[in-house]
Each structure stands twice: as structure tokens, then as C-alpha cells.
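Chemist: Next comes the structure file entry-v2.txt, holding compact mmCIF, C-alpha atoms and all ligand atoms.
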# COMPACT_ATOMS: atom_id res chain seq x y z
CA MET A 138 -172.72 41.74 87.96
CA LEU A 139 -171.55 39.11 90.42
CA LEU A 140 -174.44 40.00 92.69
CA ALA A 141 -176.87 39.74 89.78
CA LEU A 142 -175.42 36.35 88.85
CA VAL A 143 -175.65 35.07 92.39
CA LEU A 144 -179.23 36.20 92.68
CA SER A 145 -180.20 34.79 89.32
CA LEU A 146 -178.67 31.45 90.27
CA GLY A 147 -180.77 31.37 93.39
CA LEU A 148 -177.68 31.26 95.60
CA SER A 149 -178.05 32.95 98.95
CA LEU A 150 -175.77 35.61 100.29
CA PRO A 151 -174.88 35.74 103.97
CA GLN A 152 -177.67 37.47 105.85
CA ARG A 153 -175.20 39.48 107.86
CA PRO A 154 -172.09 40.99 106.29
CA ILE A 155 -168.85 39.43 107.39
CA ARG A 156 -167.17 41.77 109.85
CA ALA A 157 -164.70 43.79 107.88
CA ALA A 158 -162.26 43.93 110.77
CA ALA A 159 -161.63 40.21 110.43
CA TRP A 160 -160.43 40.62 106.83
CA THR A 161 -158.56 43.89 106.79
CA SER A 162 -154.82 44.28 107.06
CA ARG A 163 -155.19 46.34 110.17
CA PRO A 164 -152.67 45.18 112.80
CA ALA A 165 -154.01 42.95 115.52
CA PRO A 166 -154.65 44.73 118.81
CA SER A 167 -151.73 44.74 121.12
CA PRO A 168 -152.28 42.40 124.05
CA VAL A 169 -150.77 45.09 126.22
CA MET A 170 -153.09 47.85 125.13
CA GLY A 171 -156.13 45.64 124.48
CA PRO A 172 -159.66 46.86 124.01
CA THR A 173 -159.54 49.01 127.09
CA SER A 174 -156.78 51.22 125.77
CA GLY A 175 -159.16 53.99 124.89
CA ASP A 176 -158.46 53.66 121.18
CA PRO A 177 -161.90 54.13 119.56
CA ILE A 178 -161.01 51.96 116.54
CA ARG A 179 -159.93 49.05 118.69
CA LYS A 180 -163.00 49.43 120.84
CA MET A 181 -165.03 48.97 117.70
CA ASP A 182 -163.01 45.86 116.79
CA PHE A 183 -163.78 44.24 120.08
CA LYS A 184 -167.44 45.10 120.18
CA PRO A 185 -169.18 41.76 120.67
CA VAL A 186 -171.28 40.59 117.78
CA PRO A 187 -174.86 40.12 118.96
CA ARG A 188 -175.91 36.52 118.58
CA PRO A 189 -179.46 35.44 117.96
CA PRO A 190 -181.10 33.17 120.54
CA ALA A 191 -180.27 29.49 120.10
CA ARG A 192 -181.83 28.27 116.85
CA GLY A 193 -183.73 31.53 116.62
CA GLY A 194 -184.53 32.28 113.00
CA SER A 195 -183.38 28.85 111.85
CA PRO A 196 -185.40 27.46 108.97
CA MET A 197 -184.79 23.90 110.15
CA PRO A 198 -187.92 23.36 112.29
CA GLN A 199 -190.08 24.41 109.37
CA LEU A 200 -188.06 22.33 106.88
CA LEU A 201 -188.14 19.25 109.10
CA ALA A 202 -191.88 19.59 109.54
CA GLN A 203 -192.28 19.81 105.78
CA ASN A 204 -190.04 16.75 105.41
CA LYS A 205 -192.29 14.77 107.74
CA ARG A 206 -195.35 15.68 105.69
CA TRP A 207 -193.54 14.82 102.45
CA ALA A 208 -192.23 11.50 103.79
CA ALA A 209 -195.68 10.47 104.99
CA GLU A 210 -197.11 11.18 101.55
CA VAL A 211 -194.33 9.52 99.52
CA ALA A 212 -194.27 6.46 101.77
CA LYS A 213 -197.68 5.56 100.35
CA THR A 214 -196.08 4.81 96.96
CA PRO A 215 -196.38 1.06 96.23
CA GLY A 216 -193.01 -0.72 96.17
CA LEU A 217 -191.13 2.42 97.13
CA PHE A 218 -188.86 0.95 99.78
CA ASP A 219 -187.96 -2.10 97.71
CA ARG A 220 -186.81 0.32 95.03
CA LEU A 221 -184.89 2.45 97.47
CA ARG A 222 -183.07 -0.56 98.93
CA GLN A 223 -181.81 -1.54 95.49
CA HIS A 224 -180.82 1.90 94.15
CA GLN A 225 -180.97 1.12 90.46
CA PRO A 226 -181.84 4.39 88.74
CA LYS A 227 -182.17 4.20 84.97
CA TYR A 228 -181.22 7.79 84.39
CA LEU A 229 -178.30 10.09 85.03
CA TRP A 230 -179.31 13.74 85.05
CA ILE A 231 -176.74 16.49 84.49
CA GLY A 232 -178.41 19.82 85.10
CA CYS A 233 -177.91 23.34 86.35
CA SER A 234 -177.78 24.10 90.07
CA ASP A 235 -180.58 26.62 89.50
CA ALA A 236 -183.26 26.05 92.11
CA ARG A 237 -185.95 26.21 89.45
CA VAL A 238 -184.68 23.08 87.67
CA PRO A 239 -185.34 20.12 89.98
CA SER A 240 -184.54 16.90 88.15
CA ASN A 241 -187.01 14.41 89.61
CA GLN A 242 -189.98 16.72 89.54
CA LEU A 243 -189.38 17.74 85.93
CA LEU A 244 -189.33 14.11 84.86
CA GLY A 245 -192.29 13.15 87.02
CA LEU A 246 -190.11 10.64 88.86
CA GLY A 247 -189.73 9.87 92.53
CA PRO A 248 -186.90 8.99 94.91
CA GLY A 249 -184.50 6.36 93.63
CA GLU A 250 -185.21 6.93 89.95
CA VAL A 251 -182.66 9.56 88.93
CA PHE A 252 -178.94 9.78 89.66
CA VAL A 253 -178.18 13.48 89.73
CA GLN A 254 -175.29 15.84 89.16
CA ARG A 255 -175.84 19.58 89.04
CA ASN A 256 -173.52 22.54 88.63
CA ILE A 257 -173.66 26.08 87.34
CA ALA A 258 -174.87 26.01 83.72
CA ASN A 259 -174.90 22.18 83.48
CA LEU A 260 -171.32 21.92 82.27
CA VAL A 261 -169.48 18.69 81.46
CA VAL A 262 -165.85 19.54 82.03
CA ASN A 263 -163.20 16.94 81.40
CA VAL A 264 -161.10 17.89 84.44
CA ASP A 265 -164.05 18.08 86.82
CA THR A 266 -163.29 14.98 88.87
CA ASN A 267 -166.60 15.33 90.66
CA LEU A 268 -168.70 15.02 87.52
CA MET A 269 -166.36 12.52 85.88
CA SER A 270 -166.66 10.27 88.95
CA VAL A 271 -170.44 10.58 88.83
CA ILE A 272 -170.49 9.57 85.15
CA GLN A 273 -168.12 6.67 85.75
CA TYR A 274 -170.14 5.34 88.66
CA ALA A 275 -173.44 5.82 86.83
CA VAL A 276 -172.19 4.02 83.72
CA ASP A 277 -170.00 1.27 85.18
CA VAL A 278 -171.88 0.41 88.36
CA LEU A 279 -175.43 1.69 88.17
CA LYS A 280 -175.47 0.95 84.44
CA VAL A 281 -177.88 3.73 83.64
CA SER A 282 -179.56 3.38 80.28
CA ASP A 283 -179.81 7.11 79.55
CA ILE A 284 -177.86 10.24 80.38
CA ILE A 285 -179.79 13.50 80.16
CA VAL A 286 -178.07 16.87 79.92
CA CYS A 287 -180.53 19.64 80.72
CA GLY A 288 -179.96 23.30 79.96
CA HIS A 289 -182.47 25.95 80.86
CA TYR A 290 -183.56 29.39 79.76
CA GLU A 291 -183.21 32.11 82.39
CA CYS A 292 -179.78 30.60 83.18
CA GLY A 293 -177.72 33.19 85.03
CA GLY A 294 -174.51 31.31 84.29
CA VAL A 295 -175.03 31.42 80.54
CA ARG A 296 -176.14 35.04 80.69
CA ALA A 297 -173.03 35.98 82.68
CA ALA A 298 -170.80 34.33 80.09
CA MET A 299 -172.21 36.68 77.47
CA THR A 300 -170.79 39.72 79.24
CA ASN A 301 -167.27 41.10 79.15
CA THR A 302 -166.99 40.95 82.90
CA ASN A 303 -164.48 39.21 85.12
CA HIS A 304 -166.53 37.36 87.70
CA GLY A 305 -163.47 36.38 89.67
CA SER A 306 -161.98 33.02 90.50
CA PRO A 307 -163.11 30.28 90.43
CA LEU A 308 -166.45 31.34 88.97
CA GLU A 309 -164.92 33.05 85.96
CA ASN A 310 -162.80 29.95 85.24
CA TRP A 311 -166.00 27.91 85.18
CA LEU A 312 -167.86 30.35 82.97
CA ARG A 313 -164.96 30.31 80.51
CA ASN A 314 -166.27 26.95 79.33
CA ILE A 315 -169.43 28.69 78.13
CA ARG A 316 -167.40 31.42 76.45
CA ASP A 317 -165.73 28.62 74.50
CA VAL A 318 -169.16 27.47 73.33
CA VAL A 319 -169.78 31.03 72.11
CA ARG A 320 -166.55 30.86 70.13
CA LEU A 321 -167.41 27.48 68.63
CA HIS A 322 -170.76 28.80 67.41
CA ALA A 323 -169.84 32.43 66.86
CA HIS A 324 -171.05 32.44 63.25
CA GLU A 325 -174.55 31.26 64.15
CA LEU A 326 -174.84 33.42 67.24
CA LYS A 327 -173.65 36.61 65.54
CA ALA A 328 -176.33 36.15 62.91
CA ILE A 329 -179.05 36.44 65.57
CA ALA A 330 -179.82 40.15 65.92
CA ASP A 331 -182.09 39.98 68.95
CA PRO A 332 -179.93 39.68 72.09
CA GLU A 333 -182.55 37.66 73.97
CA ALA A 334 -182.98 35.23 71.08
CA ARG A 335 -179.19 34.93 70.86
CA TYR A 336 -179.01 34.19 74.56
CA ARG A 337 -181.70 31.50 74.34
CA ARG A 338 -179.89 29.89 71.43
CA LEU A 339 -176.67 29.87 73.44
CA VAL A 340 -178.52 28.04 76.24
CA GLU A 341 -179.43 25.36 73.70
CA LEU A 342 -175.99 25.19 72.09
CA ASN A 343 -174.38 24.93 75.49
CA ALA A 344 -176.57 21.95 76.42
CA MET A 345 -175.76 20.32 73.09
CA GLU A 346 -172.01 20.85 73.47
CA GLN A 347 -172.12 19.40 76.99
CA THR A 348 -173.92 16.37 75.56
CA LEU A 349 -171.06 15.92 73.14
CA ASN A 350 -168.67 16.22 76.05
CA VAL A 351 -170.48 13.27 77.63
CA TYR A 352 -170.01 11.29 74.42
CA LYS A 353 -166.30 12.10 74.44
CA THR A 354 -165.88 10.69 77.96
CA HIS A 355 -163.84 7.51 77.93
CA CYS A 356 -166.15 5.44 80.14
CA VAL A 357 -169.21 6.41 78.07
CA GLN A 358 -167.39 5.49 74.86
CA ARG A 359 -166.26 2.23 76.41
CA ALA A 360 -169.75 1.27 77.58
CA ARG A 361 -171.37 2.20 74.27
CA ALA A 362 -168.82 0.30 72.24
CA ALA A 363 -169.09 -2.75 74.49
CA SER A 364 -172.88 -2.77 74.39
CA ALA A 365 -172.81 -2.58 70.60
CA SER A 366 -171.66 -6.20 70.53
CA ASP A 367 -174.07 -7.31 73.25
CA THR A 368 -176.97 -9.06 71.57
CA ALA A 369 -178.99 -8.84 74.78
CA GLN A 370 -179.10 -5.06 74.39
CA GLN A 371 -181.88 -3.62 72.26
CA HIS A 372 -179.86 -0.49 71.68
CA VAL A 373 -176.47 0.94 72.48
CA VAL A 374 -176.20 2.16 76.07
CA PRO A 375 -176.01 4.60 77.55
CA ARG A 376 -177.95 6.84 75.24
CA VAL A 377 -177.25 10.54 75.71
CA HIS A 378 -179.90 13.23 75.33
CA ALA A 379 -179.92 17.01 75.37
CA VAL A 380 -182.97 18.83 76.65
CA VAL A 381 -183.74 22.41 77.54
CA TYR A 382 -186.20 23.63 80.11
CA ASP A 383 -188.08 26.88 80.41
CA PRO A 384 -188.71 27.65 84.09
CA LEU A 385 -191.43 30.06 83.04
CA GLY A 386 -193.15 27.46 80.86
CA LEU A 387 -192.48 24.33 82.91
CA GLU A 388 -191.89 22.09 79.89
CA LEU A 389 -188.85 20.20 78.69
CA LYS A 390 -187.89 20.29 75.02
CA GLU A 391 -185.58 17.70 73.48
CA LEU A 392 -182.81 19.12 71.31
CA ASP A 393 -181.57 17.52 68.16
CA VAL A 394 -177.88 17.01 68.78
CA ASP A 395 -176.07 16.66 65.50
CA LEU A 396 -172.93 18.70 65.64
CA GLU A 397 -171.04 16.47 63.26
CA ILE A 398 -168.86 14.86 65.89
CA GLU A 399 -168.47 11.89 63.55
CA ASP A 400 -166.21 14.15 61.52
CA TYR A 401 -163.84 14.21 64.45
CA GLU A 402 -163.70 10.51 65.25
CA GLU A 403 -160.02 10.48 64.51
CA VAL A 404 -159.67 12.97 67.36
CA TYR A 405 -162.02 11.64 70.02
CA LYS A 406 -162.68 7.96 69.33
CA LEU A 407 -160.90 5.79 71.90
CA TYR A 408 -162.08 2.27 71.00
CA PRO A 409 -161.68 1.08 67.42
CA THR A 410 -163.84 -2.01 68.02
CA ALA A 411 -166.42 -3.26 70.48
CA GLU A 412 -164.07 -6.08 71.39
CA ALA A 413 -161.39 -3.61 72.33
CA ALA A 414 -163.84 -1.82 74.58
CA MET A 415 -164.90 -5.06 76.25
CA HIS A 416 -161.32 -6.06 76.89
CA HIS A 417 -160.37 -2.67 78.25
CA LYS A 418 -163.44 -2.53 80.44
CA THR A 419 -162.88 -5.64 82.49
CA GLY A 420 -159.79 -7.49 81.49
CA SER A 421 -162.09 -10.46 80.93
CA GLU A 422 -165.20 -10.19 78.87
CA GLY A 423 -168.48 -9.91 80.69
CA ALA A 424 -167.07 -9.36 84.16
CA ARG A 425 -168.07 -6.37 86.22
CA PRO A 426 -165.52 -3.83 87.38
CA GLU A 427 -164.44 -4.85 90.82
CA TYR A 428 -164.63 -1.50 92.53
CA PHE A 429 -167.90 -0.51 94.24
CA VAL A 430 -169.12 -4.10 94.12
ZN ZN B 501 -178.58 27.77 85.08
Would you kindly transcribe this structure into C-alpha cells?

Modeler:
Amino acid sequence: MLLALVLSLGLSLPQRPIRAAAWTSRPAPSPVMGPTSGDPIRKMDFKPVPRPPARGGSPMPQLLAQNKRWAAEVAKTPGLFDRLRQHQPKYLWIGCSDARVPSNQLLGLGPGEVFVQRNIANLVVNVDTNLMSVIQYAVDVLKVSDIIVCGHYECGGVRAAMTNTNHGSPLENWLRNIRDVVRLHAHELKAIADPEARYRRLVELNAMEQTLNVYKTHCVQRARAASASDTAQQHVVPRVHAVVYDPLGLELKELDVDLEIEDYEEVYKLYPTAEAAMHHKTGSEGARPEYFV
């Protein structure tokens, strides 16, 4: 199952198996006896691993050549380098690591237009300091207007979480977050008889739940509450969207996220008023956080 998951996620396995001798509990060869002792097992341990010629088989020459062709083509874009100097993307994308779900290409956007975070099954986990830092930076410094959480069908991570299999640590710990989504929506999912339809619905529900997890984040709440009192803003920012993508259909579909989180404001809401959010954000209204400036 782990192999199937790895393959479905597009992750690559080592091309050559790791030498078992390096990981077994077999005692290290005695320096006295050494590899010339005549012991056939130890002779095998010390058999030199054949090395390929320098850079032989490396994909880098091909990839660098492709990069040159790509760079020459993209460099023709009017105003590109002005945009890249500024780095002011409007969007934060939270998607799956799956190789078939490239953020910029799916949105028809180029370099400099999307701030990106990807992980297995596009999860928004409160104790993931990597993602939480990305959200904080995107909201407080880049001031993105929209956060997009993208799930996708054919997601090996979601499919793995539907099996009673221990995928080992830390992968199984990660997938447990999806199992929790199954529990939250068990009634709806159990009512879907077709396993494939149930799986596709779980992909959608997972994206929606992760969107709610973005809403729950303190810096997103703070920014939204503060912008609510900003008359210069046409709408509350950042907006948060859930979409799902079908790699076999190449189209994004927006999901209607209404999981009644308002009913739980007494649990999640951190800022009772916009003024409170403004004060907490900066210590003085209107100022920018000092870090990263
Ligand atoms: Zn995936």
C-alpha cells in the first residue's frame, strides 16, 4: 500500500536499493579480520558499489537545457521583470504535492503571481509551522487578496486515508488528518454506496474542511476583521476559496463552502471587533508589522 501511495503521489523511489548491509544489525567487521579474512559474508559486505561515470545518467543537463528554452520564452512577457522585482502576488495557493496539480499553470498565471504551499493532500494543519508561516507571511506581508485551497481527484493521499492500513510514521500521522475529515462527515459519506463516488466526495469535503482551517487561523481572522473596518477595501480580505481539480479533465471547480462554521463562533472566533483586530495586529492602527519589512 505504501508503494502504491508513493507511486500515486508521483514521488520517486531510489533507483538503486539501499545496501541492506548498511542497515542490518550485523556486527561491524573486525578490523583485525577485515575483508580479507576469507569470511564470504564479510567479503560481500566490502564489495565496492559500482559508481556510474561522473554525472552519467543525471537528468540535470536535459533539465537545464529545458530551463533555458523556458526562460527565453517567458522573458518575452511584457513587464515581467518589473513584476518579479516587486514580488507582490495576489494569491496564496495551498495545494497537493501531486505532480499533476501545478498551481500557476492551472490558474493560467506566470512567475511572480502565486505564492505557493503544497503538501500531501493539501492539508491545513494547525501545528504545521511550515504552512502556518507561509499563511502568516502571505497575509501580513504580501497581503494577498485571496487564498485558494485546491483538492484534486486521483489524490493518493486521500485514497490512502480510506484504507485501514498503517502507512508508518510520519506519513500515517499526516493522513490521520484526513481520517478525521471522514469522521466529521461519516453520515454523508456512508450514504454514498459507490466507493469511487464516496472517494471523490471525500476529496471535496477534505478541501472544504482545509478551507475552514484557513479561516480558523489567527492571522487570517485578524486580517479579515481588520479589513472589515477599512473603507478603502471593497471586500473583506483575504477571501478564502475551495476548489477541486480533476487531473484527467484539466478543469478547476469551485466548491461551495458552507459548513456552518458560524455556529461555532464561540469556539473559534478570536477577535470580537474589527478594532480589536487592528489593535492586536500592529499595536498602533494602520502600521505594518515590523518583521520582514
Ligand atoms: Zn493529492

Chemist: Which polymer residues have any atom within 9 Å of an atom of Ala362 (chain A), counting all atoms listed in the file, with same-chain residues fewer than 5 positions away left out, as a tab-separated table (two decimals) with C-alpha atoms, keeping the file's coordinate frame?

Modeler:
chain	number	residue	atom	x	y	z
A	357	VAL	CA	-169.21	6.41	78.07
A	373	VAL	CA	-176.47	0.94	72.48
A	374	VAL	CA	-176.20	2.16	76.07
A	408	TYR	CA	-162.08	2.27	71.00
A	409	PRO	CA	-161.68	1.08	67.42
A	410	THR	CA	-163.84	-2.01	68.02
A	411	ALA	CA	-166.42	-3.26	70.48
A	412	GLU	CA	-164.07	-6.08	71.39
A	413	ALA	CA	-161.39	-3.61	72.33
A	414	ALA	CA	-163.84	-1.82	74.58
A	415	MET	CA	-164.90	-5.06	76.25

Chemist: Set the distance at 7 Å and use only C-alpha atoms: which residues neighbour Val377 (chain A) once local chain neighbours fewer than 6 positions away are removed? I'd like the list as a list of chain:residue names.

Modeler: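 So, after excluding close chain neighbours, the residues are A:Asp283, A:Ile284, A:Ile285, A:Thr348.
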
Chemist: Give me a file of those residues, with C-alpha atoms, as a PDB file, in the frame of the given file.

Modeler:
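Contents of again-v7.pdb, as written:
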ATOM      1  CA  ASP A 283    -179.810   7.110  79.550  1.00  0.00           C
ATOM      2  CA  ILE A 284    -177.860  10.240  80.380  1.00  0.00           C
ATOM      3  CA  ILE A 285    -179.790  13.500  80.160  1.00  0.00           C
ATOM      4  CA  THR A 348    -173.920  16.370  75.560  1.00  0.00           C
TER       5      THR A 348
END

Chemist: Find the residue from A:Phe218, A:Tyr290, A:Phe252, A:Tyr401 that sits nearest to Arg237 (chain A); use all atoms listed in the file when measuring.

Modeler: A:Tyr290

Chemist: If we draw a sphere of 8 Å around (-172.1, 32.2, 80.3), which residues have at least one atom in it when counting all atoms listed in the file? Please report them as a VMD selection string.

Modeler: chain A and resid 258 293 to 300 312 to 316

Chemist: Could you tell me which of A:Asn259, A:Gln199, A:Asn350, A:Ser366 comes closest to Gly288 (chain A) if we count only C-alpha atoms?

Modeler: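 Nearest candidate to Gly288 (chain A) out of A:Asn259, A:Gln199, A:Asn350, A:Ser366: A:Asn259.
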
Chemist: Show me, as a compact mmCIF listing (two decimals) with C-alpha atoms, in the coordinates of the input, the residues that have an atom within 12 Å of Arg338 (chain A) when counting only C-alpha atoms, minus same-chain residues fewer than 2 positions from it.

Modeler:
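The result, written out as selection-v5.txt:
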# COMPACT_ATOMS: atom_id res chain seq x y z
CA GLY A 288 -179.96 23.30 79.96
CA HIS A 289 -182.47 25.95 80.86
CA TYR A 290 -183.56 29.39 79.76
CA GLU A 291 -183.21 32.11 82.39
CA CYS A 292 -179.78 30.60 83.18
CA VAL A 295 -175.03 31.42 80.54
CA ARG A 296 -176.14 35.04 80.69
CA MET A 299 -172.21 36.68 77.47
CA VAL A 318 -169.16 27.47 73.33
CA VAL A 319 -169.78 31.03 72.11
CA HIS A 322 -170.76 28.80 67.41
CA ALA A 323 -169.84 32.43 66.86
CA GLU A 325 -174.55 31.26 64.15
CA LEU A 326 -174.84 33.42 67.24
CA LYS A 327 -173.65 36.61 65.54
CA ALA A 328 -176.33 36.15 62.91
CA ILE A 329 -179.05 36.44 65.57
CA ALA A 330 -179.82 40.15 65.92
CA ASP A 331 -182.09 39.98 68.95
CA PRO A 332 -179.93 39.68 72.09
CA GLU A 333 -182.55 37.66 73.97
CA ALA A 334 -182.98 35.23 71.08
CA ARG A 335 -179.19 34.93 70.86
CA TYR A 336 -179.01 34.19 74.56
CA VAL A 340 -178.52 28.04 76.24
CA GLU A 341 -179.43 25.36 73.70
CA LEU A 342 -175.99 25.19 72.09
CA ASN A 343 -174.38 24.93 75.49
CA ALA A 344 -176.57 21.95 76.42
CA MET A 345 -175.76 20.32 73.09
CA VAL A 381 -183.74 22.41 77.54
CA LEU A 392 -182.81 19.12 71.31

Chemist: Have a look at A:Lys280, A:Lys205, A:Arg337, A:Arg220 and name the one nearest to ligand ZN 501 (chain B); count only C-alpha atoms and all ligand atoms.

Modeler: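 When distances to ligand ZN 501 (chain B) are compared using only C-alpha atoms and all ligand atoms, the smallest one comes from A:Arg337.
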
Chemist: Just to confirm, what's the straight-line distance from CA of Tyr274 (chain A) to CA of Leu308 (chain A) in Å (one decimal)?

Modeler: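 Computing it gives 26.3 Å between the two atoms.
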
Chemist: From the set A:Cys356, A:Val286, A:Leu339, A:Leu389, which residue has the shortest atom-to-atom contact distance to Asp317 (chain A), counting all atoms listed in the file?

Modeler: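 So, comparing all the options, the nearest one is A:Leu339.
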
Chemist: Applying 8 Å and all atoms listed in the file, which residues near Glu391 (chain A) remain after dropping the ones on its own chain fewer than 4 positions away? List them as a short mmCIF file (atom, residue, chain, number, x, y, z; two decimals) with C-alpha atoms, keeping the file's coordinate frame.

Modeler:
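Output file out_23.cif follows:
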data_model
loop_
_atom_site.label_atom_id
_atom_site.label_comp_id
_atom_site.auth_asym_id
_atom_site.auth_seq_id
_atom_site.Cartn_x
_atom_site.Cartn_y
_atom_site.Cartn_z
CA HIS A 378 -179.90 13.23 75.33
CA ALA A 379 -179.92 17.01 75.37
CA VAL A 380 -182.97 18.83 76.65
CA VAL A 381 -183.74 22.41 77.54
#
